[in-house]
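Heads up, target.cif below (mmCIF, C-alpha atoms):
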data_my_file
#
loop_
_atom_site.label_atom_id
_atom_site.label_comp_id
_atom_site.auth_asym_id
_atom_site.auth_seq_id
_atom_site.Cartn_x
_atom_site.Cartn_y
_atom_site.Cartn_z
CA MET A 1 15.87 64.48 12.82
CA THR A 2 14.42 61.05 13.54
CA ILE A 3 11.40 60.92 15.83
CA LYS A 4 11.67 58.40 18.66
CA LEU A 5 8.64 56.48 19.84
CA TYR A 6 8.80 54.59 23.13
CA CYS A 7 6.54 51.61 22.63
CA PHE A 8 6.10 47.84 22.66
CA GLY A 9 4.30 45.54 20.28
CA GLU A 10 1.51 44.40 22.58
CA SER A 11 0.28 47.95 23.23
CA GLY A 12 -2.70 48.95 21.12
CA ASN A 13 -2.34 52.55 22.21
CA ALA A 14 1.30 52.61 21.12
CA TYR A 15 0.18 51.07 17.82
CA LYS A 16 -2.03 54.11 17.16
CA ALA A 17 1.00 56.38 17.37
CA ALA A 18 3.33 54.01 15.52
CA LEU A 19 0.95 53.43 12.60
CA THR A 20 0.27 57.15 12.33
CA LEU A 21 4.01 57.79 12.14
CA GLU A 22 4.48 55.03 9.56
CA LEU A 23 1.67 56.22 7.30
CA SER A 24 2.76 59.86 7.66
CA GLU A 25 6.12 58.90 6.12
CA LEU A 26 8.01 60.92 8.74
CA ALA A 27 11.36 59.48 9.82
CA TRP A 28 10.92 57.63 13.10
CA GLU A 29 12.28 54.74 15.12
CA PRO A 30 10.73 52.57 17.83
CA ILE A 31 12.38 52.37 21.26
CA PHE A 32 11.40 49.17 23.07
CA VAL A 33 9.85 49.55 26.51
CA ASP A 34 9.91 46.35 28.59
CA PHE A 35 6.44 46.75 30.06
CA PHE A 36 6.06 43.17 31.26
CA ASN A 37 9.20 43.44 33.36
CA GLY A 38 8.09 46.69 34.93
CA GLU A 39 10.01 49.31 32.96
CA THR A 40 7.14 51.81 32.93
CA ARG A 41 7.16 51.78 36.75
CA THR A 42 10.84 52.69 37.07
CA PRO A 43 11.99 56.16 38.19
CA GLU A 44 13.84 56.55 34.89
CA PHE A 45 10.71 56.01 32.83
CA ARG A 46 8.65 58.20 35.15
CA GLU A 47 11.04 61.03 34.38
CA LEU A 48 10.21 60.51 30.71
CA ASN A 49 6.47 60.24 31.35
CA PRO A 50 5.10 60.80 34.86
CA MET A 51 1.93 58.97 33.80
CA GLY A 52 3.97 55.78 33.51
CA GLU A 53 2.54 54.78 30.12
CA VAL A 54 3.45 54.23 26.52
CA PRO A 55 3.48 55.66 23.96
CA VAL A 56 5.91 58.51 24.47
CA MET A 57 7.19 60.45 21.46
CA ILE A 58 10.32 62.58 21.36
CA ASP A 59 10.90 64.90 18.42
CA GLY A 60 13.86 67.14 19.16
CA ASP A 61 12.95 69.18 22.22
CA ILE A 62 9.28 68.12 22.09
CA THR A 63 8.16 65.22 24.28
CA LEU A 64 4.55 64.06 24.09
CA SER A 65 2.55 61.25 25.66
CA GLN A 66 -0.98 59.95 25.07
CA SER A 67 -1.68 58.42 21.68
CA GLY A 68 -4.28 60.94 20.53
CA VAL A 69 -1.97 63.87 21.24
CA ILE A 70 0.86 62.17 19.37
CA GLN A 71 -1.43 61.40 16.44
CA ASP A 72 -2.54 65.02 16.26
CA TYR A 73 1.07 66.25 16.37
CA VAL A 74 2.22 63.84 13.65
CA SER A 75 -0.75 64.64 11.44
CA SER A 76 -0.16 68.38 11.82
CA LYS A 77 3.56 68.07 11.15
CA SER A 78 3.21 65.81 8.12
CA GLY A 79 0.05 67.36 6.69
CA LYS A 80 -1.43 63.87 6.35
CA LEU A 81 -4.22 61.82 7.91
CA GLY A 82 -5.89 64.81 9.55
CA GLY A 83 -8.94 65.66 7.50
CA ARG A 84 -9.47 68.43 5.00
CA SER A 85 -11.46 71.01 6.94
CA ALA A 86 -12.14 72.31 10.43
CA ALA A 87 -15.37 70.33 10.49
CA GLU A 88 -13.53 67.11 9.63
CA ARG A 89 -10.92 67.89 12.31
CA ARG A 90 -13.67 68.15 14.92
CA GLU A 91 -15.21 64.91 13.69
CA ILE A 92 -11.83 63.19 13.97
CA LEU A 93 -11.54 64.39 17.57
CA ARG A 94 -15.05 63.11 18.29
CA TRP A 95 -14.09 59.64 17.14
CA GLN A 96 -10.77 59.68 19.00
CA PHE A 97 -12.50 60.61 22.24
CA TRP A 98 -15.16 57.95 21.66
CA ASP A 99 -12.53 55.34 20.93
CA ASN A 100 -10.48 56.12 24.03
CA HIS A 101 -13.52 55.80 26.28
CA LYS A 102 -15.78 53.26 24.61
CA LEU A 103 -13.54 51.00 22.52
CA SER A 104 -9.81 51.01 23.29
CA SER A 105 -10.19 51.22 27.06
CA PRO A 106 -12.35 48.10 27.48
CA ALA A 107 -10.57 46.32 24.59
CA GLY A 108 -7.15 46.82 26.16
CA MET A 109 -8.37 45.76 29.59
CA THR A 110 -10.21 42.69 28.31
CA ARG A 111 -7.34 41.58 26.11
CA PHE A 112 -4.94 41.87 29.04
CA LEU A 113 -7.21 39.97 31.43
CA VAL A 114 -7.90 37.17 28.95
CA ASN A 115 -4.39 36.71 27.55
CA PHE A 116 -1.75 38.09 29.88
CA LEU A 117 -2.91 36.92 33.29
CA PRO A 118 -2.60 33.32 34.56
CA GLU A 119 -5.84 31.49 33.88
CA ASP A 120 -6.66 31.03 37.56
CA LYS A 121 -6.42 34.80 38.15
CA ARG A 122 -8.73 35.91 35.37
CA PRO A 123 -11.83 37.69 36.79
CA GLN A 124 -14.57 36.11 34.73
CA GLU A 125 -17.34 38.49 35.83
CA ALA A 126 -15.24 41.53 34.96
CA ILE A 127 -14.34 40.00 31.60
CA ALA A 128 -18.00 39.34 30.80
CA PHE A 129 -18.89 42.92 31.76
CA THR A 130 -16.21 44.54 29.60
CA GLN A 131 -17.05 42.24 26.69
CA GLY A 132 -20.63 43.47 26.94
CA ARG A 133 -19.40 47.06 26.76
CA LEU A 134 -17.28 46.15 23.76
CA ASN A 135 -20.21 44.57 21.97
CA THR A 136 -22.07 47.87 22.25
CA ALA A 137 -19.05 49.69 20.81
CA TYR A 138 -18.81 47.22 17.92
CA LYS A 139 -22.46 47.90 17.11
CA THR A 140 -21.79 51.64 16.97
CA LEU A 141 -18.78 51.16 14.72
CA GLU A 142 -20.57 48.67 12.48
CA SER A 143 -23.50 51.04 12.01
CA GLU A 144 -21.24 53.99 11.19
CA LEU A 145 -19.20 52.02 8.65
CA THR A 146 -22.16 50.47 6.88
CA GLY A 147 -22.29 52.13 3.48
CA ARG A 148 -19.11 54.17 3.89
CA ASN A 149 -15.39 53.48 3.60
CA TRP A 150 -13.93 55.69 6.35
CA LEU A 151 -15.06 57.22 9.62
CA VAL A 152 -14.37 60.80 8.51
CA GLY A 153 -14.38 62.11 4.96
CA ASP A 154 -13.31 60.09 1.95
CA ALA A 155 -9.85 58.91 3.04
CA ILE A 156 -8.14 57.26 5.96
CA THR A 157 -7.51 59.59 8.91
CA ILE A 158 -6.20 59.29 12.43
CA ALA A 159 -9.81 58.59 13.48
CA ASP A 160 -9.62 55.27 11.63
CA ILE A 161 -6.15 54.53 12.99
CA SER A 162 -7.30 55.22 16.52
CA CYS A 163 -10.40 53.05 16.35
CA CYS A 164 -8.80 50.11 14.52
CA SER A 165 -5.79 49.63 16.77
CA TYR A 166 -6.89 46.81 19.07
CA LEU A 167 -8.94 45.10 16.37
CA PHE A 168 -5.86 43.91 14.47
CA TYR A 169 -4.57 41.83 17.38
CA THR A 170 -5.23 38.13 17.01
CA GLU A 171 -5.28 37.19 20.71
CA PRO A 172 -8.88 36.35 21.69
CA PHE A 173 -10.76 38.96 23.70
CA GLY A 174 -14.27 38.75 22.31
CA PHE A 175 -13.94 40.25 18.83
CA ASP A 176 -14.65 38.15 15.73
CA ARG A 177 -14.30 40.04 12.46
CA ALA A 178 -16.64 37.63 10.71
CA GLU A 179 -19.52 38.81 12.89
CA TRP A 180 -19.12 42.42 11.79
CA PRO A 181 -18.99 42.66 7.97
CA ALA A 182 -18.67 46.45 7.72
CA ILE A 183 -15.88 46.51 10.32
CA ASP A 184 -14.21 43.59 8.58
CA ALA A 185 -14.23 45.39 5.22
CA TRP A 186 -12.91 48.58 6.86
CA LEU A 187 -10.05 46.70 8.53
CA THR A 188 -9.19 45.21 5.15
CA ARG A 189 -9.11 48.68 3.57
CA ILE A 190 -6.81 49.88 6.33
CA SER A 191 -4.48 46.88 5.94
CA GLU A 192 -4.34 47.51 2.19
CA THR A 193 -3.21 51.12 2.72
CA PRO A 194 0.39 51.52 1.46
CA GLY A 195 2.75 51.41 4.42
CA TRP A 196 0.42 49.53 6.77
CA LYS A 197 2.03 47.00 9.10
CA HIS A 198 0.70 44.72 11.81
CA PRO A 199 1.61 45.90 15.33
CA TYR A 200 4.03 43.01 15.88
CA ASP A 201 5.81 43.92 12.64
CA LEU A 202 5.84 47.64 13.35
CA MET A 203 7.00 47.67 16.99
CA PRO A 204 9.40 45.49 19.00
CA GLY A 205 7.95 43.03 21.47
CA SER A 206 5.31 40.31 21.11
CA PRO A 207 3.94 37.38 23.11
CA ALA A 208 6.21 35.08 21.09
CA ASP A 209 9.23 36.89 22.52
CA ARG A 210 8.08 36.08 26.05
CA ALA A 211 6.98 32.51 25.38
#
The structure in this file should be written as structure tokens.
Amino acid sequence: MTIKLYCFGESGNAYKAALTLELSELAWEPIFVDFFNGETRTPEFRELNPMGEVPVMIDGDITLSQSGVIQDYVSSKSGKLGGRSAAERREILRWQFWDNHKLSSPAGMTRFLVNFLPEDKRPQEAIAFTQGRLNTAYKTLESELTGRNWLVGDAITIADISCCSYLFYTEPFGFDRAEWPAIDAWLTRISETPGWKHPYDLMPGSPADRA
């Protein structure tokens, strides 16, 4: 049975789930959600996910939302990307929780404010504040990746997929790979992993579609 993932290309959180599915080699298909025209606020979508967010995954009679939960499910089902011991599993969770709070949350907000709002409506003080928070997160990630290839263990895991998601987008939001050599090398390793795809190649929907 083919897993369905409700998603759209501009969503870094959906990308975490989509890339995990792709690298797990499970059969799956993306279902486009028209976020920018309000689909996630419709009663129909709220029946699918009362939180009104993507991603949402449906696998038979199982429906899951929240990217970390979906990643954990896919990793458990496929036996891939999940670490090799209970200790590594806990370390993966530690990085997923850190990412959701310290990296993806401000990255997603900043990227939206800088790129998807009209220029005259962009709150510059808020943008500067979240970029400061992001800079602290980049320092943490850079330090952790200096001298090692992956965040947990000796192979790519869902910890890496979670933390890398927003960093592959090219729209400006205050991240320059050239300023962070360890992060840059890590992103290159991820992009060289067999099966890797850019979010706009993996999921339907991109800024070019709305231009």
List the residues selected by the PyMOL selection byres ((chain A and resi 160-162) around 10) in the file shown, writing them as a compact mmCIF listing (two decimals) with C-alpha atoms, keeping the file's coordinate frame.
# COMPACT_ATOMS: atom_id res chain seq x y z
CA GLY A 12 -2.70 48.95 21.12
CA ASN A 13 -2.34 52.55 22.21
CA TYR A 15 0.18 51.07 17.82
CA LYS A 16 -2.03 54.11 17.16
CA ALA A 17 1.00 56.38 17.37
CA ALA A 18 3.33 54.01 15.52
CA LEU A 19 0.95 53.43 12.60
CA THR A 20 0.27 57.15 12.33
CA LEU A 23 1.67 56.22 7.30
CA SER A 67 -1.68 58.42 21.68
CA GLY A 68 -4.28 60.94 20.53
CA GLN A 71 -1.43 61.40 16.44
CA LEU A 81 -4.22 61.82 7.91
CA ILE A 92 -11.83 63.19 13.97
CA TRP A 95 -14.09 59.64 17.14
CA GLN A 96 -10.77 59.68 19.00
CA PHE A 97 -12.50 60.61 22.24
CA TRP A 98 -15.16 57.95 21.66
CA ASP A 99 -12.53 55.34 20.93
CA ASN A 100 -10.48 56.12 24.03
CA LEU A 103 -13.54 51.00 22.52
CA SER A 104 -9.81 51.01 23.29
CA TRP A 150 -13.93 55.69 6.35
CA LEU A 151 -15.06 57.22 9.62
CA VAL A 152 -14.37 60.80 8.51
CA ALA A 155 -9.85 58.91 3.04
CA ILE A 156 -8.14 57.26 5.96
CA THR A 157 -7.51 59.59 8.91
CA ILE A 158 -6.20 59.29 12.43
CA ALA A 159 -9.81 58.59 13.48
CA CYS A 163 -10.40 53.05 16.35
CA CYS A 164 -8.80 50.11 14.52
CA SER A 165 -5.79 49.63 16.77
CA TYR A 166 -6.89 46.81 19.07
CA TRP A 186 -12.91 48.58 6.86
CA LEU A 187 -10.05 46.70 8.53
CA ILE A 190 -6.81 49.88 6.33
**Spatial neighbours of Ile127 of chain A, max dist 12 Å, all atoms listed in the file, sep filter under 2 positions, as a list in words** = Pro106, Ala107, Gly108, Met109, Thr110, Arg111, Phe112, Leu113, Val114, Asn115, Leu117, Lys121, Arg122, Pro123, Gln124, Glu125, Phe129, Thr130, Gln131, Gly132, Arg133, Leu134, Pro172, Phe173 and Gly174 of chain A
Emit as AutoDock Vina command-line options the padded axis-aligned box for all listed atoms of segment 167-171 of chain A, 4 Å per side, with centre and edge lengths in Å to one decimal.
--center_x -6.8 --center_y 41.1 --center_z 17.6 --size_x 12.4 --size_y 15.9 --size_z 14.2
**Message:** Can you measure atom CA of Val33 of chain A to atom CA of Gly205 of chain A for me? One decimal in Å is fine.
**Reply:**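 Answer for the atom CA of Val33 of chain A to atom CA of Gly205 of chain A separation: 8.5 Å.
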**Message:** Set the distance at 10 Å and use only C-alpha atoms: which residues neighbour Glu29 of chain A once local chain neighbours fewer than 2 positions away are removed? I'd like the list as JSON, numbers by chain.
**Reply:** {"A": [2, 3, 4, 5, 6, 7, 18, 21, 22, 26, 27, 31, 32, 57, 202, 203]}
**Item:** Straight-line distance linking atom CA of Asp201 of chain A with atom CA of Pro30 of chain A, stated in Å to one decimal
**Value:** 11.2 Å
**Residue neighbourhood Gly52 of chain A, 9 Å, only C-alpha atoms, exclusion window fewer than 2 positions, as a ChimeraX atom specification** = /A:39-42,45-50,54
**Prompt:** What does the distance from atom CA of Ile62 of chain A to atom CA of Lys77 of chain A come to in Å, to one decimal?
**Reply:**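 According to the coordinates, atom CA of Ile62 of chain A and atom CA of Lys77 of chain A are separated by 12.3 Å.
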**Item:** Counting all atoms listed in the file, the residue of A:Gly153, A:Pro207, A:Pro118, A:Pro199 that sits nearest Ala86 of chain A
**Value:**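 Comparing A:Gly153, A:Pro207, A:Pro118, A:Pro199 against Ala86 of chain A, the winner is A:Gly153.
Take the PyMOL selection byres ((chain A and resi 147) around 12) and apply it to this file: it picks Leu141, Glu142, Ser143, Glu144, Leu145, Thr146, Arg148, Asn149, Trp150, Leu151, Pro181, Ala182, Ile183, Ala185 and Trp186 of chain A.
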**Asked** Which is closest to Asn37 of chain A among A:Arg210, A:Ala178, A:Arg90, A:Gly82, if we use all atoms listed in the file?
**Response**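 Closest candidate: A:Arg210.
The smallest atom-to-atom distance between Ser24 of chain A and any of A:Val74, A:Leu167, A:Met1, A:Met51, using only C-alpha atoms, is found for A:Val74.
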